[in-house]
>>> print(open('entry03.cif').read())   # mmCIF, C-alpha atoms
data_query
loop_
_atom_site.label_atom_id
_atom_site.label_comp_id
_atom_site.auth_asym_id
_atom_site.auth_seq_id
_atom_site.Cartn_x
_atom_site.Cartn_y
_atom_site.Cartn_z
CA MET W 1 98.25 96.13 30.72
CA ASN W 2 101.72 94.56 31.04
CA ALA W 3 102.88 95.57 27.56
CA GLN W 4 103.48 99.14 28.72
CA ILE W 5 106.46 98.15 30.91
CA LYS W 6 109.78 96.90 29.55
CA ILE W 7 111.77 94.46 31.70
CA ILE W 8 115.57 94.50 31.39
CA ASN W 9 117.85 91.90 32.98
CA THR W 10 120.77 93.44 34.84
CA ALA W 11 123.90 91.95 36.40
CA ASN W 12 122.15 91.67 39.76
CA GLY W 13 118.46 91.64 39.00
CA TYR W 14 116.02 93.62 36.87
CA MET W 15 115.03 97.09 35.75
CA ALA W 16 111.45 97.86 34.76
CA LEU W 17 110.96 100.81 32.41
CA CYS W 18 107.71 102.63 31.67
CA GLN W 19 106.95 104.36 28.40
CA ASP W 20 109.12 107.42 27.65
CA THR W 21 111.83 106.27 30.07
CA PRO W 22 115.30 107.08 28.65
CA GLU W 23 116.85 104.03 27.02
CA ASP W 24 120.27 104.81 28.52
CA ILE W 25 119.05 104.37 32.09
CA THR W 26 121.25 102.08 34.21
CA PRO W 27 120.95 100.68 37.76
CA ALA W 28 123.29 103.49 38.88
CA TRP W 29 120.44 105.98 38.32
CA PHE W 30 118.70 104.50 41.36
CA SER W 31 121.48 105.66 43.70
CA VAL W 32 121.43 109.18 45.10
CA ASP W 33 125.24 109.26 44.72
CA PHE W 34 124.81 109.12 40.92
CA TRP W 35 122.77 112.32 41.03
CA ARG W 36 125.04 113.97 43.59
CA GLU W 37 127.97 113.57 41.21
CA LYS W 38 125.93 115.44 38.60
CA ALA W 39 124.94 118.11 41.15
CA ALA W 40 121.35 117.15 40.28
CA VAL W 41 119.92 116.59 43.77
CA VAL W 42 117.45 119.44 44.22
CA GLY W 43 115.79 118.50 47.49
CA SER W 44 114.52 115.78 49.77
CA SER W 45 111.60 114.76 51.93
CA LYS W 46 112.42 113.36 55.33
CA GLY W 47 110.06 110.98 57.05
CA ARG W 48 111.21 107.74 58.63
CA TYR W 49 113.67 107.65 55.74
CA THR W 50 114.71 110.14 53.08
CA THR W 51 113.13 110.46 49.63
CA TRP W 52 115.25 112.35 47.11
CA PHE W 53 114.25 114.86 44.44
CA VAL W 54 116.54 114.99 41.42
CA ALA W 55 116.61 117.11 38.27
CA PHE W 56 116.45 115.33 34.94
CA GLU W 57 116.32 117.37 31.73
CA HIS W 58 113.19 119.55 31.99
CA SER W 59 111.53 117.75 34.88
CA HIS W 60 112.14 116.63 38.45
CA TRP W 61 112.07 113.03 39.55
CA VAL W 62 111.44 111.39 42.92
CA LEU W 63 113.84 108.61 43.94
CA ARG W 64 112.58 106.34 46.71
CA HIS W 65 114.08 103.25 48.30
CA TYR W 66 111.84 100.53 49.75
CA TRP W 67 112.32 100.23 53.51
CA ARG W 68 110.75 97.74 55.86
CA GLY W 69 108.52 98.76 58.74
CA GLY W 70 106.96 97.17 61.76
CA MET W 71 108.43 94.09 63.44
CA MET W 72 110.29 92.95 60.30
CA GLU W 73 112.42 96.10 60.41
CA LYS W 74 114.23 94.61 63.40
CA PHE W 75 115.50 91.77 61.21
CA SER W 76 116.26 93.72 58.06
CA LYS W 77 115.77 97.37 57.16
CA ASP W 78 115.32 96.84 53.42
CA ALA W 79 115.61 93.18 52.35
CA TYR W 80 112.47 91.35 51.20
CA PHE W 81 112.00 87.65 50.45
CA PHE W 82 112.02 87.16 46.67
CA THR W 83 109.12 85.08 45.33
CA GLY W 84 109.16 86.35 41.74
CA LEU W 85 109.65 89.65 39.95
CA GLU W 86 105.95 90.42 39.64
CA LYS W 87 105.47 89.93 43.38
CA THR W 88 108.06 92.51 44.38
CA ARG W 89 106.75 95.69 45.94
CA ALA W 90 108.44 97.85 43.33
CA MET W 91 106.82 96.04 40.40
CA GLY W 92 103.44 96.10 42.08
CA GLU W 93 103.58 99.85 42.61
CA LEU W 94 105.03 100.60 39.17
CA ARG W 95 102.39 98.56 37.35
CA LEU W 96 99.54 100.11 39.35
CA LEU W 97 100.84 103.62 38.69
CA ASP W 98 101.29 102.81 35.01
CA VAL W 99 97.65 101.72 34.68
CA LEU W 100 96.29 104.69 36.60
CA TYR W 101 98.48 107.26 34.86
CA ARG W 102 97.44 106.01 31.42
CA GLU W 103 93.80 106.19 32.56
CA GLN W 104 94.44 109.84 33.50
CA PHE W 105 93.99 109.43 37.23
CA ALA W 106 95.64 112.02 39.47
CA VAL W 107 98.86 110.10 40.18
CA PRO W 108 102.51 110.90 39.47
CA LYS W 109 103.93 109.67 36.19
CA PRO W 110 105.85 106.41 36.78
CA ILE W 111 109.37 106.23 35.34
CA ALA W 112 111.18 103.04 36.35
CA ALA W 113 112.01 100.56 39.11
CA ASN W 114 115.14 98.64 40.00
CA ILE W 115 115.13 95.28 41.76
CA VAL W 116 118.43 93.90 43.05
CA ARG W 117 118.65 90.21 43.92
CA ASP W 118 120.68 89.03 46.90
CA GLY W 119 120.30 85.28 47.27
CA LEU W 120 116.77 84.59 48.51
CA PHE W 121 116.13 88.29 49.04
CA TYR W 122 115.83 91.50 47.07
CA ARG W 123 116.09 95.24 47.55
CA ALA W 124 114.33 97.79 45.39
CA ASP W 125 114.00 101.43 44.35
CA ILE W 126 111.47 103.34 42.28
CA ILE W 127 111.62 106.57 40.28
CA ILE W 128 108.51 108.61 39.58
CA GLU W 129 108.00 112.11 38.24
CA ARG W 130 107.52 114.83 40.83
CA VAL W 131 104.15 116.62 40.70
CA ASP W 132 105.06 120.16 39.69
CA GLY W 133 104.41 122.82 42.34
CA ALA W 134 102.53 120.46 44.67
CA GLU W 135 102.61 120.17 48.45
CA ASP W 136 101.11 117.61 50.78
CA LEU W 137 97.94 118.39 52.69
CA VAL W 138 99.67 118.66 56.05
CA ALA W 139 101.99 121.34 54.68
CA LYS W 140 99.08 123.13 53.03
CA LEU W 141 96.79 123.05 56.06
CA THR W 142 99.50 124.39 58.36
CA LYS W 143 99.42 127.56 56.26
CA GLY W 144 95.66 128.06 56.27
CA SER W 145 92.27 126.51 55.58
CA MET W 146 90.84 125.12 52.37
CA ALA W 147 87.51 126.29 50.97
CA PRO W 148 84.48 123.96 51.21
CA GLU W 149 84.66 123.51 47.42
CA GLN W 150 88.19 122.18 47.77
CA TRP W 151 87.13 119.63 50.38
CA LEU W 152 84.30 118.56 48.08
CA ALA W 153 86.78 118.16 45.22
CA LEU W 154 89.13 116.12 47.41
CA GLY W 155 86.31 113.79 48.41
CA ALA W 156 85.29 113.35 44.78
CA THR W 157 88.90 112.58 43.81
CA ILE W 158 89.20 109.82 46.42
CA ALA W 159 85.83 108.44 45.33
CA GLN W 160 86.98 108.20 41.71
CA PHE W 161 89.86 105.98 42.81
CA HIS W 162 87.55 103.85 44.94
CA ARG W 163 85.02 103.46 42.14
CA ARG W 164 87.85 102.15 39.94
CA GLY W 165 88.70 99.66 42.69
CA VAL W 166 91.97 101.31 43.71
CA TYR W 167 92.99 100.30 47.20
CA HIS W 168 95.56 102.65 48.75
CA ALA W 169 97.31 100.83 51.59
CA ASP W 170 98.30 104.02 53.43
CA LEU W 171 95.81 106.76 52.65
CA ASN W 172 96.90 109.60 54.91
CA ALA W 173 97.15 113.38 54.76
CA LYS W 174 100.80 113.32 53.70
CA ASN W 175 100.06 110.99 50.79
CA ILE W 176 97.66 113.50 49.27
CA LEU W 177 99.13 116.38 47.28
CA TRP W 178 97.48 119.65 46.35
CA GLN W 179 98.65 121.22 43.09
CA PRO W 180 97.60 124.85 42.54
CA GLN W 181 96.49 126.16 39.17
CA GLN W 182 99.38 125.97 36.71
CA GLU W 183 100.78 128.58 34.33
CA ASN W 184 99.53 126.49 31.41
CA GLY W 185 95.98 127.07 32.62
CA SER W 186 95.35 123.63 34.16
CA GLN W 187 93.14 123.87 37.23
CA GLU W 188 94.13 122.98 40.78
CA ARG W 189 94.11 119.27 41.45
CA PHE W 190 94.51 116.74 44.26
CA TYR W 191 96.88 113.81 43.70
CA LEU W 192 97.33 110.54 45.56
CA ILE W 193 100.91 109.33 45.97
CA ASP W 194 102.84 106.39 47.46
CA PHE W 195 101.02 103.32 46.19
CA ASP W 196 103.35 100.83 47.86
CA ARG W 197 101.24 97.70 48.60
CA GLY W 198 98.32 99.27 46.73
CA GLU W 199 96.22 97.14 44.39
CA LEU W 200 93.18 96.98 42.17
CA LYS W 201 90.36 95.07 43.82
CA THR W 202 86.62 94.67 43.54
CA SER W 203 84.85 97.75 44.87
CA ASN W 204 83.48 97.04 48.31
CA ALA W 205 81.98 99.40 50.89
CA GLN W 206 83.91 97.71 53.72
CA TRP W 207 87.47 98.36 52.53
CA GLN W 208 86.48 101.74 51.10
CA LYS W 209 85.14 102.85 54.49
CA ALA W 210 88.27 101.50 56.20
CA ASN W 211 90.33 103.63 53.76
CA LEU W 212 88.37 106.74 54.70
CA ASP W 213 88.57 105.94 58.42
CA ARG W 214 92.35 105.69 58.08
CA LEU W 215 92.45 109.10 56.44
CA LEU W 216 90.35 110.64 59.21
CA ARG W 217 92.67 109.17 61.86
CA SER W 218 95.57 110.69 59.96
CA PHE W 219 94.04 114.18 60.00
CA ASN W 220 93.32 113.87 63.72
CA LYS W 221 96.84 112.59 64.42
CA GLU W 222 98.43 115.47 62.52
CA GLN W 223 96.20 117.95 64.33
CA GLY W 224 97.34 116.45 67.61
CA LYS W 225 100.91 117.27 66.61
CA GLN W 226 99.98 120.70 65.24
CA PRO W 227 96.86 122.13 66.96
CA THR W 228 96.74 124.99 64.43
CA LEU W 229 96.25 122.58 61.52
CA ALA W 230 93.24 123.87 59.59
CA PHE W 231 91.01 120.80 59.85
CA THR W 232 87.49 120.74 61.34
CA PRO W 233 84.53 118.34 61.49
CA ALA W 234 82.85 120.56 58.88
CA ASN W 235 85.80 120.00 56.55
CA TRP W 236 85.47 116.23 56.93
CA ALA W 237 81.72 116.46 56.32
CA ALA W 238 82.40 118.35 53.09
CA LEU W 239 84.92 115.72 52.01
CA LEU W 240 82.35 112.98 52.60
CA GLU W 241 79.72 114.96 50.72
CA GLY W 242 82.01 115.16 47.70
CA TYR W 243 82.86 111.49 48.06
CA HIS W 244 79.25 110.30 48.19
CA ALA W 245 78.33 112.42 45.20
CA VAL W 246 80.51 109.96 43.23
CA VAL W 247 80.11 106.82 45.35
CA PRO W 248 76.59 106.83 46.85
CA LYS W 249 76.13 105.43 50.32
CA ALA W 250 75.36 101.72 50.37
#
>>> encode(input="entry03.cif", output="structure tokens")
Amino acid sequence: MNAQIKIINTANGYMALCQDTPEDITPAWFSVDFWREKAAVVGSSKGRYTTWFVAFEHSHWVLRHYWRGGMMEKFSKDAYFFTGLEKTRAMGELRLLDVLYREQFAVPKPIAANIVRDGLFYRADIIIERVDGAEDLVAKLTKGSMAPEQWLALGATIAQFHRRGVYHADLNAKNILWQPQQENGSQERFYLIDFDRGELKTSNAQWQKANLDRLLRSFNKEQGKQPTLAFTPANWAALLEGYHAVVPKA
């Protein structure tokens, strides 16, 4: 598993490179200013913080910084206590994505991570490949409804991750992408993104149900913000039907 990622010592920490990552990558690539100077910033996604989309050769990459949340944010917005490279959030996410991508799960292709040491603490960034032509479910459902077959397919997709033992720490409607059919003939597909704090664990009905409950709360929360969001109890029932076709009820 670990052989797929190359670790490089830098002046202030480490870079971790997945297969096919350009050998000339430097820590500067993890700064949006580097891409601005090349006029390569092609977009952004604004949540609590900004995620940047940059153009590289014939693809687009996603550049994301790791920010703290909750109570710890009051003490530091982005510094984490360093207890070893493999325990950093960036390495955890990169390794999980690397495993899942090579197993052909519907996740973005991982590119690289950068971990910068600062005494007892570290800061980190990750680069992944952007899913071509995709949009998150909130954006999609504000434009119209999905067919029952699509909800079934979404449920089956989530179930495939759960059957593999993939725990997604923040499974919500914005962390699910829908990719329409592509020009190369590949069929529409649902992707899971943002695996920060995700992990592989033994399959268990308890955490799997908690994952699904979190997703349902997310749909309801988004519908509270946007009453026209195309989400109904019948849609959720179809999702669960697709899910339990892969992971039978306990």
>>> resolve_selection(input="entry03.cif", expression="the PyMOL selection byres ((chain W and resi 200) around 8)", output="list in words")
Leu96, Arg164, Gly165, Val166, Tyr167, Gly198, Glu199, Lys201 and Thr202 of chain W
>>> resolve_selection(input="entry03.cif", expression="the PyMOL selection byres ((chain W and resi 79) around 7)", output="CSV table (one decimal) with C-alpha atoms, in the frame of the given file")
chain,number,residue,atom,x,y,z
W,76,SER,CA,116.3,93.7,58.1
W,77,LYS,CA,115.8,97.4,57.2
W,78,ASP,CA,115.3,96.8,53.4
W,80,TYR,CA,112.5,91.4,51.2
W,81,PHE,CA,112.0,87.6,50.4
W,121,PHE,CA,116.1,88.3,49.0
W,122,TYR,CA,115.8,91.5,47.1
W,123,ARG,CA,116.1,95.2,47.6
>>> closest_atom_pairs(input="entry03.cif", of="region 118-214 of chain W", to="region 59-65 of chain W", cutoff="9 Å", atoms="all atoms listed in the file", output="JSON lines")
{"residue": "W:Arg123", "atom": "CA", "partner": "W:His65", "partner_atom": "CA", "distance": 8.3}
{"residue": "W:Ala124", "atom": "CA", "partner": "W:His65", "partner_atom": "CA", "distance": 6.2}
{"residue": "W:Asp125", "atom": "CA", "partner": "W:His65", "partner_atom": "CA", "distance": 4.3}
{"residue": "W:Ile126", "atom": "CA", "partner": "W:Arg64", "partner_atom": "CA", "distance": 5.5}
{"residue": "W:Ile127", "atom": "CA", "partner": "W:Leu63", "partner_atom": "CA", "distance": 4.7}
{"residue": "W:Ile128", "atom": "CA", "partner": "W:Val62", "partner_atom": "CA", "distance": 5.2}
{"residue": "W:Glu129", "atom": "CA", "partner": "W:Trp61", "partner_atom": "CA", "distance": 4.4}
{"residue": "W:Arg130", "atom": "CA", "partner": "W:Trp61", "partner_atom": "CA", "distance": 5.1}
{"residue": "W:Val131", "atom": "CA", "partner": "W:His60", "partner_atom": "CA", "distance": 8.3}
{"residue": "W:Asp132", "atom": "CA", "partner": "W:His60", "partner_atom": "CA", "distance": 8.0}
>>> resolve_selection(input="entry03.cif", expression="the PyMOL selection byres ((chain W and resi 21) around 10)", output="number ranges by chain")
W: 5-6, 16-20, 22-25, 110-112
>>> closest_residue(input="entry03.cif", among="W:Ala153, W:Ala205, W:Ile176, W:Leu216", to="Pro233 (chain W)", atoms="all atoms listed in the file")
W:Leu216
>>> closest_atom_pairs(input="entry03.cif", of="region 130-199 of chain W", to="region 218-229 of chain W", cutoff="8 Å", atoms="all atoms listed in the file", output="Markdown table")
| residue | atom | partner | partner_atom | distance |
| --- | --- | --- | --- | --- |
| W:Val138 | CA | W:Glu222 | CA | 7.3 |
| W:Leu141 | CA | W:Leu229 | CA | 5.5 |
| W:Thr142 | CA | W:Leu229 | CA | 4.9 |
| W:Lys143 | CA | W:Leu229 | CA | 7.9 |
| W:Gly144 | CA | W:Leu229 | CA | 7.6 |
| W:Asn172 | CA | W:Ser218 | CA | 5.3 |
| W:Ala173 | CA | W:Ser218 | CA | 6.1 |
>>> residues_around(input="entry03.cif", residues="Val99 (chain W)", least_positions_apart="3", cutoff="10 Å", atoms="all atoms listed in the file", output="VMD selection string")
chain W and resid 1 to 2 4 94 to 96 102 to 105 110 200
>>> atom_distance(input="entry03.cif", atom1="CA of Leu152 (chain W)", atom2="CA of Leu212 (chain W)")
14.1 Å
>>> closest_residue(input="entry03.cif", among="W:Leu171, W:Val107, W:Ile115, W:Leu100", to="Thr26 (chain W)", atoms="all atoms listed in the file")
W:Ile115
>>> atom_distance(input="entry03.cif", atom1="CA of Phe161 (chain W)", atom2="CA of His244 (chain W)")
12.7 Å
>>> atom_distance(input="entry03.cif", atom1="CA of Ala169 (chain W)", atom2="CA of Ser145 (chain W)")
26.5 Å
>>> closest_residue(input="entry03.cif", among="W:Arg68, W:Arg36, W:Lys249, W:Lys174", to="Tyr49 (chain W)", atoms="only C-alpha atoms")
W:Arg68
>>> closest_residue(input="entry03.cif", among="W:Tyr14, W:Trp207, W:Phe34, W:Phe82", to="His162 (chain W)", atoms="only C-alpha atoms")
W:Trp207
>>> residues_around(input="entry03.cif", residues="Met146 (chain W)", least_positions_apart="5", cutoff="9 Å", atoms="all atoms listed in the file", output="ChimeraX atom specification")
/W:140-141,151,230-231,235
>>> residues_around(input="entry03.cif", residues="Ala237 (chain W)", least_positions_apart="3", cutoff="10 Å", atoms="only C-alpha atoms", output="list in words")
Pro148, Trp151, Leu152, Gly155, Thr232, Pro233, Ala234, Leu240, Glu241, Gly242 and Tyr243 of chain W
>>> decode(input="entry03.cif", residues="region 137-150 of chain W", atoms="all heavy atoms", output="mmCIF file, in the first residue's frame")
data_model
loop_
_atom_site.group_PDB
_atom_site.id
_atom_site.type_symbol
_atom_site.label_atom_id
_atom_site.label_comp_id
_atom_site.auth_asym_id
_atom_site.auth_seq_id
_atom_site.Cartn_x
_atom_site.Cartn_y
_atom_site.Cartn_z
ATOM 1 N N LEU W 137 -24.026 17.704 -5.258
ATOM 2 C CA LEU W 137 -25.456 17.385 -5.281
ATOM 3 C C LEU W 137 -26.334 18.578 -4.940
ATOM 4 O O LEU W 137 -27.450 18.688 -5.452
ATOM 5 C CB LEU W 137 -25.756 16.234 -4.316
ATOM 6 C CG LEU W 137 -25.507 14.817 -4.822
ATOM 7 C CD1 LEU W 137 -26.160 13.824 -3.874
ATOM 8 C CD2 LEU W 137 -26.050 14.616 -6.222
ATOM 9 N N VAL W 138 -25.868 19.461 -4.077
ATOM 10 C CA VAL W 138 -26.669 20.639 -3.754
ATOM 11 C C VAL W 138 -26.863 21.488 -5.005
ATOM 12 O O VAL W 138 -27.976 21.922 -5.321
ATOM 13 C CB VAL W 138 -26.027 21.459 -2.623
ATOM 14 C CG1 VAL W 138 -26.785 22.763 -2.401
ATOM 15 C CG2 VAL W 138 -25.994 20.645 -1.331
ATOM 16 N N ALA W 139 -25.771 21.712 -5.739
ATOM 17 C CA ALA W 139 -25.871 22.488 -6.980
ATOM 18 C C ALA W 139 -26.785 21.806 -7.981
ATOM 19 O O ALA W 139 -27.610 22.449 -8.637
ATOM 20 C CB ALA W 139 -24.479 22.690 -7.576
ATOM 21 N N LYS W 140 -26.663 20.479 -8.083
ATOM 22 C CA LYS W 140 -27.487 19.750 -9.049
ATOM 23 C C LYS W 140 -28.966 19.798 -8.676
ATOM 24 O O LYS W 140 -29.835 20.025 -9.533
ATOM 25 C CB LYS W 140 -27.030 18.298 -9.169
ATOM 26 C CG LYS W 140 -27.894 17.474 -10.126
ATOM 27 C CD LYS W 140 -27.295 16.140 -10.456
ATOM 28 C CE LYS W 140 -28.245 15.313 -11.325
ATOM 29 N NZ LYS W 140 -28.670 16.043 -12.549
ATOM 30 N N LEU W 141 -29.264 19.592 -7.394
ATOM 31 C CA LEU W 141 -30.656 19.503 -6.971
ATOM 32 C C LEU W 141 -31.348 20.867 -6.900
ATOM 33 O O LEU W 141 -32.575 20.937 -6.804
ATOM 34 C CB LEU W 141 -30.752 18.793 -5.628
ATOM 35 C CG LEU W 141 -30.329 17.317 -5.647
ATOM 36 C CD1 LEU W 141 -30.324 16.744 -4.234
ATOM 37 C CD2 LEU W 141 -31.227 16.493 -6.557
ATOM 38 N N THR W 142 -30.576 21.939 -6.948
ATOM 39 C CA THR W 142 -31.207 23.259 -7.039
ATOM 40 C C THR W 142 -31.711 23.514 -8.459
ATOM 41 O O THR W 142 -32.560 24.395 -8.667
ATOM 42 C CB THR W 142 -30.223 24.382 -6.666
ATOM 43 O OG1 THR W 142 -29.064 24.303 -7.494
ATOM 44 C CG2 THR W 142 -29.811 24.285 -5.212
ATOM 45 N N LYS W 143 -31.206 22.740 -9.407
ATOM 46 C CA LYS W 143 -31.606 22.924 -10.806
ATOM 47 C C LYS W 143 -32.760 22.007 -11.205
ATOM 48 O O LYS W 143 -33.404 22.222 -12.221
ATOM 49 C CB LYS W 143 -30.410 22.651 -11.725
ATOM 50 C CG LYS W 143 -29.220 23.558 -11.483
ATOM 51 C CD LYS W 143 -28.033 23.116 -12.306
ATOM 52 C CE LYS W 143 -26.801 23.948 -12.003
ATOM 53 N NZ LYS W 143 -25.605 23.455 -12.742
ATOM 54 N N GLY W 144 -33.006 20.968 -10.435
ATOM 55 C CA GLY W 144 -34.076 20.039 -10.774
ATOM 56 C C GLY W 144 -33.879 18.712 -10.078
ATOM 57 O O GLY W 144 -32.880 18.482 -9.389
ATOM 58 N N SER W 145 -34.823 17.819 -10.241
ATOM 59 C CA SER W 145 -34.818 16.541 -9.535
ATOM 60 C C SER W 145 -33.985 15.498 -10.258
ATOM 61 O O SER W 145 -33.683 15.631 -11.455
ATOM 62 C CB SER W 145 -36.246 16.026 -9.378
ATOM 63 O OG SER W 145 -36.848 15.848 -10.653
ATOM 64 N N MET W 146 -33.601 14.468 -9.518
ATOM 65 C CA MET W 146 -32.939 13.310 -10.103
ATOM 66 C C MET W 146 -33.960 12.191 -10.255
ATOM 67 O O MET W 146 -34.907 12.080 -9.475
ATOM 68 C CB MET W 146 -31.778 12.835 -9.223
ATOM 69 C CG MET W 146 -30.621 13.797 -9.129
ATOM 70 S SD MET W 146 -29.062 13.032 -8.571
ATOM 71 C CE MET W 146 -29.543 12.252 -7.027
ATOM 72 N N ALA W 147 -33.744 11.336 -11.244
ATOM 73 C CA ALA W 147 -34.632 10.199 -11.474
ATOM 74 C C ALA W 147 -34.439 9.156 -10.368
ATOM 75 O O ALA W 147 -33.363 9.084 -9.750
ATOM 76 C CB ALA W 147 -34.337 9.581 -12.829
ATOM 77 N N PRO W 148 -35.471 8.330 -10.111
ATOM 78 C CA PRO W 148 -35.329 7.272 -9.105
ATOM 79 C C PRO W 148 -34.105 6.391 -9.350
ATOM 80 O O PRO W 148 -33.434 5.965 -8.393
ATOM 81 C CB PRO W 148 -36.636 6.479 -9.251
ATOM 82 C CG PRO W 148 -37.620 7.467 -9.766
ATOM 83 C CD PRO W 148 -36.842 8.370 -10.677
ATOM 84 N N GLU W 149 -33.801 6.120 -10.623
ATOM 85 C CA GLU W 149 -32.648 5.279 -10.949
ATOM 86 C C GLU W 149 -31.340 5.932 -10.489
ATOM 87 O O GLU W 149 -30.391 5.235 -10.115
ATOM 88 C CB GLU W 149 -32.591 5.014 -12.461
ATOM 89 C CG GLU W 149 -33.749 4.192 -12.996
ATOM 90 C CD GLU W 149 -35.027 4.998 -13.174
ATOM 91 O OE1 GLU W 149 -34.953 6.250 -13.115
ATOM 92 O OE2 GLU W 149 -36.098 4.394 -13.358
ATOM 93 N N GLN W 150 -31.299 7.249 -10.526
ATOM 94 C CA GLN W 150 -30.096 7.944 -10.081
ATOM 95 C C GLN W 150 -29.947 7.854 -8.562
ATOM 96 O O GLN W 150 -28.836 7.674 -8.056
ATOM 97 C CB GLN W 150 -30.136 9.407 -10.524
ATOM 98 C CG GLN W 150 -30.006 9.581 -12.040
ATOM 99 C CD GLN W 150 -30.173 11.030 -12.463
ATOM 100 O OE1 GLN W 150 -31.228 11.632 -12.248
ATOM 101 N NE2 GLN W 150 -29.137 11.595 -13.048
#
